[in-house]
Structures are given as C-alpha cells and as structure tokens.
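Structure file protein-v4.pdb with PDB, C-alpha atoms:
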```
MODEL        1
ATOM      1  CA  MET A 210      -1.706 -43.310   6.778
ATOM      2  CA  GLY A 211       1.783 -43.848   5.382
ATOM      3  CA  ALA A 212       0.546 -45.003   1.973
ATOM      4  CA  VAL A 213      -1.176 -41.705   1.246
ATOM      5  CA  THR A 214       1.375 -39.233   2.586
ATOM      6  CA  GLN A 215       2.047 -37.953  -0.953
ATOM      7  CA  HIS A 216      -1.661 -37.614  -1.813
ATOM      8  CA  ARG A 217      -2.759 -34.022  -2.426
ATOM      9  CA  VAL A 218      -6.307 -32.687  -2.209
ATOM     10  CA  LEU A 219      -7.628 -29.548  -3.885
ATOM     11  CA  VAL A 220      -9.600 -27.318  -1.495
ATOM     12  CA  LEU A 221     -12.312 -24.935  -2.727
ATOM     13  CA  ASN A 222     -14.047 -22.113  -0.888
ATOM     14  CA  ARG A 223     -17.845 -21.847  -0.704
ATOM     15  CA  LEU A 224     -17.840 -20.076  -4.090
ATOM     16  CA  TRP A 225     -16.147 -23.133  -5.665
ATOM     17  CA  GLN A 226     -12.869 -21.239  -6.174
ATOM     18  CA  ALA A 227      -9.590 -23.077  -5.540
ATOM     19  CA  VAL A 228      -7.951 -21.735  -2.390
ATOM     20  CA  ASN A 229      -5.415 -24.355  -1.360
ATOM     21  CA  ILE A 230      -3.846 -27.754  -1.878
ATOM     22  CA  VAL A 231      -3.470 -29.851   1.253
ATOM     23  CA  GLY A 232      -1.997 -33.201   2.173
ATOM     24  CA  ALA A 233      -3.938 -36.314   3.124
ATOM     25  CA  GLU A 234      -3.873 -35.747   6.883
ATOM     26  CA  ARG A 235      -5.177 -32.175   6.650
ATOM     27  CA  ALA A 236      -7.853 -33.183   4.134
ATOM     28  CA  PHE A 237      -9.028 -36.066   6.304
ATOM     29  CA  SER A 238      -9.080 -33.768   9.340
ATOM     30  CA  LEU A 239     -11.196 -31.135   7.520
ATOM     31  CA  LEU A 240     -13.647 -33.817   6.436
ATOM     32  CA  MET A 241     -13.909 -35.612   9.803
ATOM     33  CA  GLN A 242     -14.408 -32.325  11.694
ATOM     34  CA  ASP A 243     -17.197 -31.402   9.250
ATOM     35  CA  HIS A 244     -15.343 -28.277   8.073
ATOM     36  CA  ALA A 245     -15.568 -29.517   4.492
ATOM     37  CA  GLN A 246     -17.543 -31.753   2.163
ATOM     38  CA  VAL A 247     -16.243 -33.973  -0.607
ATOM     39  CA  ILE A 248     -17.065 -33.062  -4.183
ATOM     40  CA  TYR A 249     -17.218 -36.466  -5.838
ATOM     41  CA  THR A 250     -16.276 -36.175  -9.493
ATOM     42  CA  GLY A 251     -15.506 -39.834 -10.166
ATOM     43  CA  ASP A 252     -18.744 -40.467 -12.063
ATOM     44  CA  GLY A 253     -19.024 -36.949 -13.504
ATOM     45  CA  SER A 254     -21.875 -36.062 -11.134
ATOM     46  CA  PHE A 255     -20.166 -33.493  -8.850
ATOM     47  CA  ARG A 256     -22.103 -34.921  -5.901
ATOM     48  CA  MET A 257     -21.577 -33.251  -2.541
ATOM     49  CA  MET A 258     -20.943 -35.648   0.312
ATOM     50  CA  ASP A 259     -20.532 -35.005   4.006
ATOM     51  CA  VAL A 260     -18.332 -37.322   6.064
ATOM     52  CA  GLU A 261     -21.140 -39.813   6.692
ATOM     53  CA  ALA A 262     -22.023 -40.082   2.981
ATOM     54  CA  TRP A 263     -18.325 -40.370   2.074
ATOM     55  CA  LEU A 264     -17.768 -43.205   4.562
ATOM     56  CA  LYS A 265     -20.852 -44.987   3.194
ATOM     57  CA  GLN A 266     -19.556 -44.526  -0.367
ATOM     58  CA  SER A 267     -16.249 -46.084   0.623
ATOM     59  CA  ALA A 268     -18.061 -49.032   2.271
ATOM     60  CA  ASP A 269     -20.503 -49.579  -0.617
ATOM     61  CA  GLU A 270     -17.908 -49.190  -3.376
ATOM     62  CA  PRO A 271     -14.524 -50.262  -2.030
ATOM     63  CA  PRO A 272     -11.611 -48.227  -3.419
ATOM     64  CA  LYS A 273      -9.746 -49.621  -6.405
ATOM     65  CA  ALA A 274      -6.185 -50.862  -6.024
ATOM     66  CA  ASN A 275      -4.686 -47.683  -7.527
ATOM     67  CA  GLU A 276      -6.689 -45.253  -5.347
ATOM     68  CA  ALA A 277      -5.289 -43.541  -2.269
ATOM     69  CA  VAL A 278      -6.973 -44.828   0.889
ATOM     70  CA  ILE A 279      -6.856 -44.500   4.628
ATOM     71  CA  HIS A 280      -7.217 -47.807   6.455
ATOM     72  CA  THR A 281      -9.098 -48.020   9.731
ATOM     73  CA  VAL A 282      -9.798 -51.161  11.744
ATOM     74  CA  ARG A 283     -13.076 -51.795   9.894
ATOM     75  CA  LEU A 284     -12.893 -49.787   6.699
ATOM     76  CA  SER A 285     -10.722 -48.627   3.810
ATOM     77  CA  ILE A 286     -11.713 -45.002   3.225
ATOM     78  CA  ARG A 287     -11.129 -43.551  -0.228
ATOM     79  CA  MET A 288      -9.174 -40.287  -0.106
ATOM     80  CA  PRO A 289     -11.105 -37.424  -1.667
ATOM     81  CA  LYS A 290      -9.613 -35.465  -4.550
ATOM     82  CA  VAL A 291     -11.563 -32.223  -4.037
ATOM     83  CA  LEU A 292     -12.993 -30.696  -0.855
ATOM     84  CA  LEU A 293     -15.446 -27.813  -0.513
ATOM     85  CA  LEU A 294     -15.079 -25.733   2.654
ATOM     86  CA  ARG A 295     -18.322 -25.058   4.491
ATOM     87  CA  HIS A 296     -17.575 -21.607   5.935
ATOM     88  CA  PHE A 297     -14.763 -19.967   3.963
ATOM     89  CA  ASP A 298     -15.622 -17.670   1.056
ATOM     90  CA  ARG A 299     -12.512 -15.516   0.682
ATOM     91  CA  LEU A 300      -9.952 -16.006  -2.052
ATOM     92  CA  PRO A 301      -6.391 -15.524  -0.827
ATOM     93  CA  THR A 302      -4.318 -13.244  -2.980
ATOM     94  CA  GLN A 303      -0.641 -12.556  -3.117
ATOM     95  CA  GLU A 304       1.115  -9.407  -4.174
ATOM     96  CA  VAL A 305       2.623 -10.152  -7.568
ATOM     97  CA  LYS A 306       6.051  -8.646  -8.127
ATOM     98  CA  PHE A 307       6.106  -6.124 -10.959
ATOM     99  CA  ASN A 308       8.588  -7.199 -13.618
ATOM    100  CA  ARG A 309       8.765  -7.824 -17.345
ATOM    101  CA  ASP A 310       7.944 -11.560 -17.183
ATOM    102  CA  ASN A 311       4.953 -11.080 -14.894
ATOM    103  CA  LEU A 312       3.651  -8.232 -17.062
ATOM    104  CA  PHE A 313       3.787 -10.419 -20.178
ATOM    105  CA  GLU A 314       2.071 -13.203 -18.230
ATOM    106  CA  ARG A 315      -0.706 -10.837 -17.126
ATOM    107  CA  ASP A 316      -1.295  -9.737 -20.718
ATOM    108  CA  ASP A 317      -0.998 -13.287 -22.139
ATOM    109  CA  TYR A 318       2.013 -12.274 -24.271
ATOM    110  CA  ARG A 319      -0.393 -10.221 -26.382
ATOM    111  CA  CYS A 320       0.185  -6.657 -27.559
ATOM    112  CA  GLN A 321      -2.451  -4.583 -25.798
ATOM    113  CA  TYR A 322      -2.839  -2.311 -28.824
ATOM    114  CA  CYS A 323      -2.991  -4.593 -31.878
ATOM    115  CA  GLY A 324      -4.002  -7.780 -30.055
ATOM    116  CA  GLU A 325      -1.349  -9.957 -31.731
ATOM    117  CA  LEU A 326       0.403 -12.734 -29.824
ATOM    118  CA  PHE A 327       4.235 -12.525 -29.715
ATOM    119  CA  GLU A 328       7.240 -14.230 -28.205
ATOM    120  CA  ALA A 329       8.776 -12.357 -25.269
ATOM    121  CA  GLU A 330      11.755 -11.137 -27.334
ATOM    122  CA  LYS A 331       9.399  -9.241 -29.641
ATOM    123  CA  LEU A 332       7.526  -7.477 -26.848
ATOM    124  CA  ASN A 333       8.265  -4.538 -24.636
ATOM    125  CA  MET A 334       6.738  -2.551 -21.799
ATOM    126  CA  ASP A 335       4.816   0.575 -22.709
ATOM    127  CA  HIS A 336       3.843   3.416 -20.374
ATOM    128  CA  VAL A 337       0.205   4.203 -21.258
ATOM    129  CA  ILE A 338       0.713   7.696 -19.815
ATOM    130  CA  PRO A 339       4.324   8.550 -20.771
ATOM    131  CA  ARG A 340       6.769   9.134 -17.945
ATOM    132  CA  ASP A 341       7.458  12.737 -18.972
ATOM    133  CA  ARG A 342       3.718  13.400 -18.501
ATOM    134  CA  GLY A 343       3.690  12.016 -14.982
ATOM    135  CA  GLY A 344       3.020   8.370 -15.841
ATOM    136  CA  ARG A 345       4.247   5.950 -13.216
ATOM    137  CA  THR A 346       5.934   2.616 -13.695
ATOM    138  CA  SER A 347       3.184   0.500 -12.170
ATOM    139  CA  TRP A 348       0.770  -2.310 -12.991
ATOM    140  CA  GLU A 349      -1.931   0.278 -13.671
ATOM    141  CA  ASN A 350       0.106   2.261 -16.236
ATOM    142  CA  ILE A 351       2.248  -0.315 -18.048
ATOM    143  CA  VAL A 352       1.049  -2.654 -20.782
ATOM    144  CA  THR A 353       2.623  -5.217 -23.062
ATOM    145  CA  SER A 354       3.156  -3.908 -26.577
ATOM    146  CA  CYS A 355       4.835  -5.104 -29.729
ATOM    147  CA  LEU A 356       7.742  -3.117 -31.158
ATOM    148  CA  LYS A 357       5.672  -1.782 -34.072
ATOM    149  CA  CYS A 358       2.839  -0.474 -31.868
ATOM    150  CA  ASN A 359       5.299   0.936 -29.357
ATOM    151  CA  SER A 360       7.043   2.909 -32.106
ATOM    152  CA  ARG A 361       3.712   4.100 -33.516
ATOM    153  CA  LYS A 362       2.469   5.325 -30.127
ATOM    154  CA  ALA A 363       5.830   6.911 -29.340
ATOM    155  CA  ASN A 364       5.648   9.478 -26.532
ATOM    156  CA  ARG A 365       1.909  10.105 -26.807
ATOM    157  CA  LEU A 366      -1.264   9.042 -25.078
ATOM    158  CA  PRO A 367      -3.031   6.191 -26.888
ATOM    159  CA  HIS A 368      -5.907   8.367 -28.164
ATOM    160  CA  GLN A 369      -3.429  10.923 -29.538
ATOM    161  CA  ALA A 370      -1.874   8.131 -31.620
ATOM    162  CA  GLY A 371      -5.295   6.845 -32.718
ATOM    163  CA  MET A 372      -4.818   3.658 -30.689
ATOM    164  CA  HIS A 373      -6.985   1.874 -28.153
ATOM    165  CA  LEU A 374      -6.116  -0.532 -25.347
ATOM    166  CA  LEU A 375      -7.649  -4.017 -25.410
ATOM    167  CA  LYS A 376      -8.267  -3.801 -21.672
ATOM    168  CA  LYS A 377      -7.539  -1.505 -18.766
ATOM    169  CA  PRO A 378      -4.220  -2.400 -17.116
ATOM    170  CA  GLU A 379      -4.720  -3.677 -13.566
ATOM    171  CA  ARG A 380      -2.696  -5.230 -10.788
ATOM    172  CA  PRO A 381      -2.946  -9.024 -11.189
ATOM    173  CA  ARG A 382      -4.351 -11.170  -8.420
ATOM    174  CA  TRP A 383      -2.869 -14.608  -8.888
ATOM    175  CA  ARG A 384      -3.238 -17.572  -6.622
ATOM    176  CA  PRO A 385       0.342 -18.658  -6.045
ATOM    177  CA  PHE A 386      -0.455 -22.314  -5.380
ATOM    178  CA  VAL A 387      -2.463 -22.572  -8.616
ATOM    179  CA  SER A 388       0.290 -20.859 -10.610
ATOM    180  CA  SER A 389       2.769 -23.317  -9.110
ATOM    181  CA  LEU A 390       0.881 -26.199 -10.772
ATOM    182  CA  ILE A 391       1.877 -25.080 -14.267
ATOM    183  CA  GLY A 392       4.028 -27.826 -15.752
ATOM    184  CA  GLN A 393       3.423 -30.098 -12.746
ATOM    185  CA  ASN A 394       1.481 -33.335 -12.462
ATOM    186  CA  TYR A 395      -1.870 -32.992 -10.727
ATOM    187  CA  ASP A 396      -5.105 -34.933 -10.620
ATOM    188  CA  ALA A 397      -7.099 -34.698 -13.847
ATOM    189  CA  GLU A 398     -10.281 -34.147 -11.806
ATOM    190  CA  TRP A 399      -8.890 -30.794 -10.652
ATOM    191  CA  GLU A 400      -9.241 -29.456 -14.210
ATOM    192  CA  HIS A 401     -12.898 -28.626 -13.511
ATOM    193  CA  PHE A 402     -11.883 -26.183 -10.776
ATOM    194  CA  ILE A 403      -8.593 -24.604 -11.820
ATOM    195  CA  GLN A 404      -7.647 -22.710 -14.931
ATOM    196  CA  LEU A 405      -4.009 -22.704 -15.836
ATOM    197  CA  LYS A 406      -2.323 -20.666 -18.543
ATOM    198  CA  LYS A 407      -0.196 -23.123 -20.461
TER     199      LYS A 407
ENDMDL
END
```
Representation of the structure as structure tokens:
Amino acid sequence: MGAVTQHRVLVLNRLWQAVNIVGAERAFSLLMQDHAQVIYTGDGSFRMMDVEAWLKQSADEPPKANEAVIHTVRLSIRMPKVLLLRHFDRLPTQEVKFNRDNLFERDDYRCQYCGELFEAEKLNMDHVIPRDRGGRTSWENIVTSCLKCNSRKANRLPHQAGMHLLKKPERPRWRPFVSSLIGQNYDAEWEHFIQLKK
C-alpha cells in the first residue's frame, strides 16, 4: 500500500455531510468492513457502491496509470475518493474561538447593517446591545459593521437608530477539517460535497 500512503479520502455521514478526511488505509478498512460505501463520481453519476460492487468496478475497468490503487495478488483496486458512512449521522463541531478574524469570517466580511462587503481594516466589531446596557461580548451579541454604520448606530439599539440586522448573530459551527482545506490542494470531485469560503 506504499504507493497510496498520501491518498486522502473524503468521508460523508448518512446525510451526505462531510465529516472527515482519512488516509488510504483507514478508507480501505471502512470499505472492506462494510462500514461505508463508495460514492463514485468519476462519470458524474454519483453511484453508490458497496465493497463487492467496487471490487467488480476495479476488475471491469482497470484503474488508469495516474489513479491511486491498492494492489492485491489478483487485483488492482482503485482507491475511492469519497465514502459514505452507513451508520453515522452526526456532524462533528468544534468550538470556534471568539476573535475579530473569526467574527469577520462568520459574517463574510460584510457589514451586518448595510450589507456592504469590506476589507478587514474597514470593519469593526459592534455590540448589538451596547455594553452599558448589559450587552455581553459574545458571538450572540457582536456583529461585523463598517465604520459608517457603527458611528450611525452609536450607543443605541439597532431599532433606536432605525437600523436592522441582516441576520441574527449566532455562534458559528465550523468543521475544522473542511476549513483547513482553504488554500490547499484537494480532489476536484470533493467540490460536490464541501463548500469553502474563498
């Protein structure tokens, strides 16, 4: 299996949400133990294949020279690119640290009052409920705002300033392994299953 040690496989839960990225050995183990099925995207069909169907596919259509394979005594088995777990439907979450950069990321670098997109230097953090009125510094009370809207709102509640939020501020639930793919090389077939903010 040395030739495929760098191969990575995207793993989805039963709801077709990305939950992990695993190496070749773990992927092959999940497939052979019937804990997962392959989602074959090579021909655009999104066919589901259990281990038996996947082995037959590899026998009927031998892998191309540039594809990752596992060699057995009798067969060259194509490494899957995407697996679907049979019994796992949860989506792991990670507590996202509250800071300026993560807040801007949550709000897509968009002022939550006027809706305009800005560079980080032209944005700041606004307490929806001002601190002197008991507003906390938390995901649920801080939004991204531009300097102009922040000055206009001043030390008031949004409705007192005649302003409205684009969306209710909430604690983000990011999948750390998906976020880690930003700017990295990954298989183009994963694009169907992950959504990255670029």
Item to check | the PyMOL selection byres ((chain A and resi 261-266) around 9) resolved against shown file, as a PyMOL selection string | outcome: chain A and resi 241+246-247+249+257-260+267-271+284-287+289
Checklist entry - For A:Ser347, which residue out of A:His373, A:Arg295, A:Arg380, A:Arg235 is the nearest one, using all atoms listed in the file? => result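 Closest residue, counting all atoms listed in the file: A:Arg380.
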Give the padded box for stretch 364-382 of chain A as AutoDock Vina command-line options: axis-aligned, covering all atoms listed in the file, 3 Å on each side, centre and edge lengths in Å to one decimal.
```
--center_x -1.3 --center_y -0.1 --center_z -20.6 --size_x 19.9 --size_y 28.1 --size_z 30.3
```
Next on the checklist: Need the shell around A:Trp348: protein/DNA/RNA residues with any atom at most 9 Å away, counting all atoms listed in the file. Skip same-chain ones fewer than 3 positions apart. Format as a PyMOL selection string?
Outcome noted: chain A and resi 307+312+345+351-352+378-381
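Separating atom CA of A:His280 from atom CA of A:Gln215 is a distance of 15.4 Å.
Taking all atoms listed in the file into account, A:Thr353 lies nearest to A:Arg319 out of the set A:Arg217, A:Arg340, A:His368, A:Arg319.
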Item to check | Selected residue of minimal separation from A:Trp225 among A:Ala397, A:Ile403, A:Leu239, A:Leu374, counting all atoms listed in the file | outcome: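 Among the listed residues, the smallest separation from A:Trp225 belongs to A:Ile403.
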Checklist entry - Nearest to A:Val228 among A:Glu349, A:Lys362, A:Gly324, A:Phe402, with distances taken over all atoms listed in the file: which residue is it? => result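 Residue with the minimum atom-to-atom distance to A:Val228: A:Phe402.
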Item to check | Separation of atom CA of A:Thr281 from atom CA of A:Asp252, in Å and rounded to one decimal | outcome: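 Value for the atom CA of A:Thr281-atom CA of A:Asp252 distance: 25.0 Å.
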Next on the checklist: the PyMOL selection byres ((chain A and resi 321) around 12) - which residues does that actually catch in the file I just gave you? List them as a VMD selection string.
Outcome noted: chain A and resid 312 to 313 315 to 320 322 to 327 332 to 337 351 to 359 362 367 372 to 378
Item to check | Nearest-residue call for A:Lys273, choices A:Arg309, A:Gly251, A:Ala233, A:Arg361, using all atoms listed in the file | outcome: A:Gly251
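One distance worth recording is that between atom CA of A:Leu292 and atom CA of A:Asn222, which is 8.6 Å.
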Checklist entry - What does the PyMOL selection byres ((chain A and resi 216) around 12) select in this file, as a ChimeraX atom specification? => result /A:210-215,217-219,230-237,275-279,287-291,394-396
Your completed stretch 241-260 of chain A with N, CA and C atoms, as a compact mmCIF listing (two decimals), in the coordinates of the input:
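Just written: selection.txt:
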```txt
# COMPACT_ATOMS: atom_id res chain seq x y z
N MET A 241 -13.42 -34.98 8.58
CA MET A 241 -13.91 -35.61 9.80
C MET A 241 -14.46 -34.59 10.80
N GLN A 242 -13.92 -33.37 10.79
CA GLN A 242 -14.41 -32.33 11.69
C GLN A 242 -15.59 -31.56 11.10
N ASP A 243 -16.05 -31.99 9.94
CA ASP A 243 -17.20 -31.40 9.25
C ASP A 243 -16.95 -29.95 8.85
N HIS A 244 -15.67 -29.60 8.58
CA HIS A 244 -15.34 -28.28 8.07
C HIS A 244 -15.44 -28.25 6.55
N ALA A 245 -15.54 -29.44 5.95
CA ALA A 245 -15.57 -29.52 4.49
C ALA A 245 -16.40 -30.71 4.05
N GLN A 246 -16.84 -30.65 2.80
CA GLN A 246 -17.54 -31.75 2.16
C GLN A 246 -16.71 -32.22 0.97
N VAL A 247 -16.91 -33.45 0.58
CA VAL A 247 -16.24 -33.97 -0.61
C VAL A 247 -17.07 -33.61 -1.83
N ILE A 248 -16.40 -33.18 -2.88
CA ILE A 248 -17.07 -33.06 -4.18
C ILE A 248 -16.62 -34.29 -4.96
N TYR A 249 -17.54 -35.21 -5.16
CA TYR A 249 -17.22 -36.47 -5.84
C TYR A 249 -17.37 -36.27 -7.34
N THR A 250 -16.26 -36.38 -8.04
CA THR A 250 -16.28 -36.17 -9.49
C THR A 250 -16.04 -37.47 -10.26
N GLY A 251 -15.86 -38.57 -9.54
CA GLY A 251 -15.51 -39.83 -10.17
C GLY A 251 -16.47 -40.30 -11.24
N ASP A 252 -17.77 -40.04 -11.07
CA ASP A 252 -18.74 -40.47 -12.06
C ASP A 252 -19.28 -39.29 -12.88
N GLY A 253 -18.61 -38.13 -12.76
CA GLY A 253 -19.02 -36.95 -13.50
C GLY A 253 -20.23 -36.24 -12.93
N SER A 254 -20.64 -36.61 -11.70
CA SER A 254 -21.88 -36.06 -11.13
C SER A 254 -21.66 -34.82 -10.27
N PHE A 255 -20.46 -34.61 -9.76
CA PHE A 255 -20.17 -33.49 -8.85
C PHE A 255 -21.07 -33.55 -7.62
N ARG A 256 -21.28 -34.76 -7.10
CA ARG A 256 -22.10 -34.92 -5.90
C ARG A 256 -21.36 -34.39 -4.68
N MET A 257 -22.12 -33.75 -3.81
CA MET A 257 -21.58 -33.25 -2.54
C MET A 257 -21.83 -34.30 -1.48
N MET A 258 -20.81 -34.62 -0.72
CA MET A 258 -20.94 -35.65 0.31
C MET A 258 -20.33 -35.17 1.61
N ASP A 259 -21.10 -35.28 2.70
CA ASP A 259 -20.53 -35.01 4.01
C ASP A 259 -19.76 -36.25 4.44
N VAL A 260 -19.19 -36.22 5.63
CA VAL A 260 -18.33 -37.32 6.06
C VAL A 260 -19.10 -38.64 6.12
```
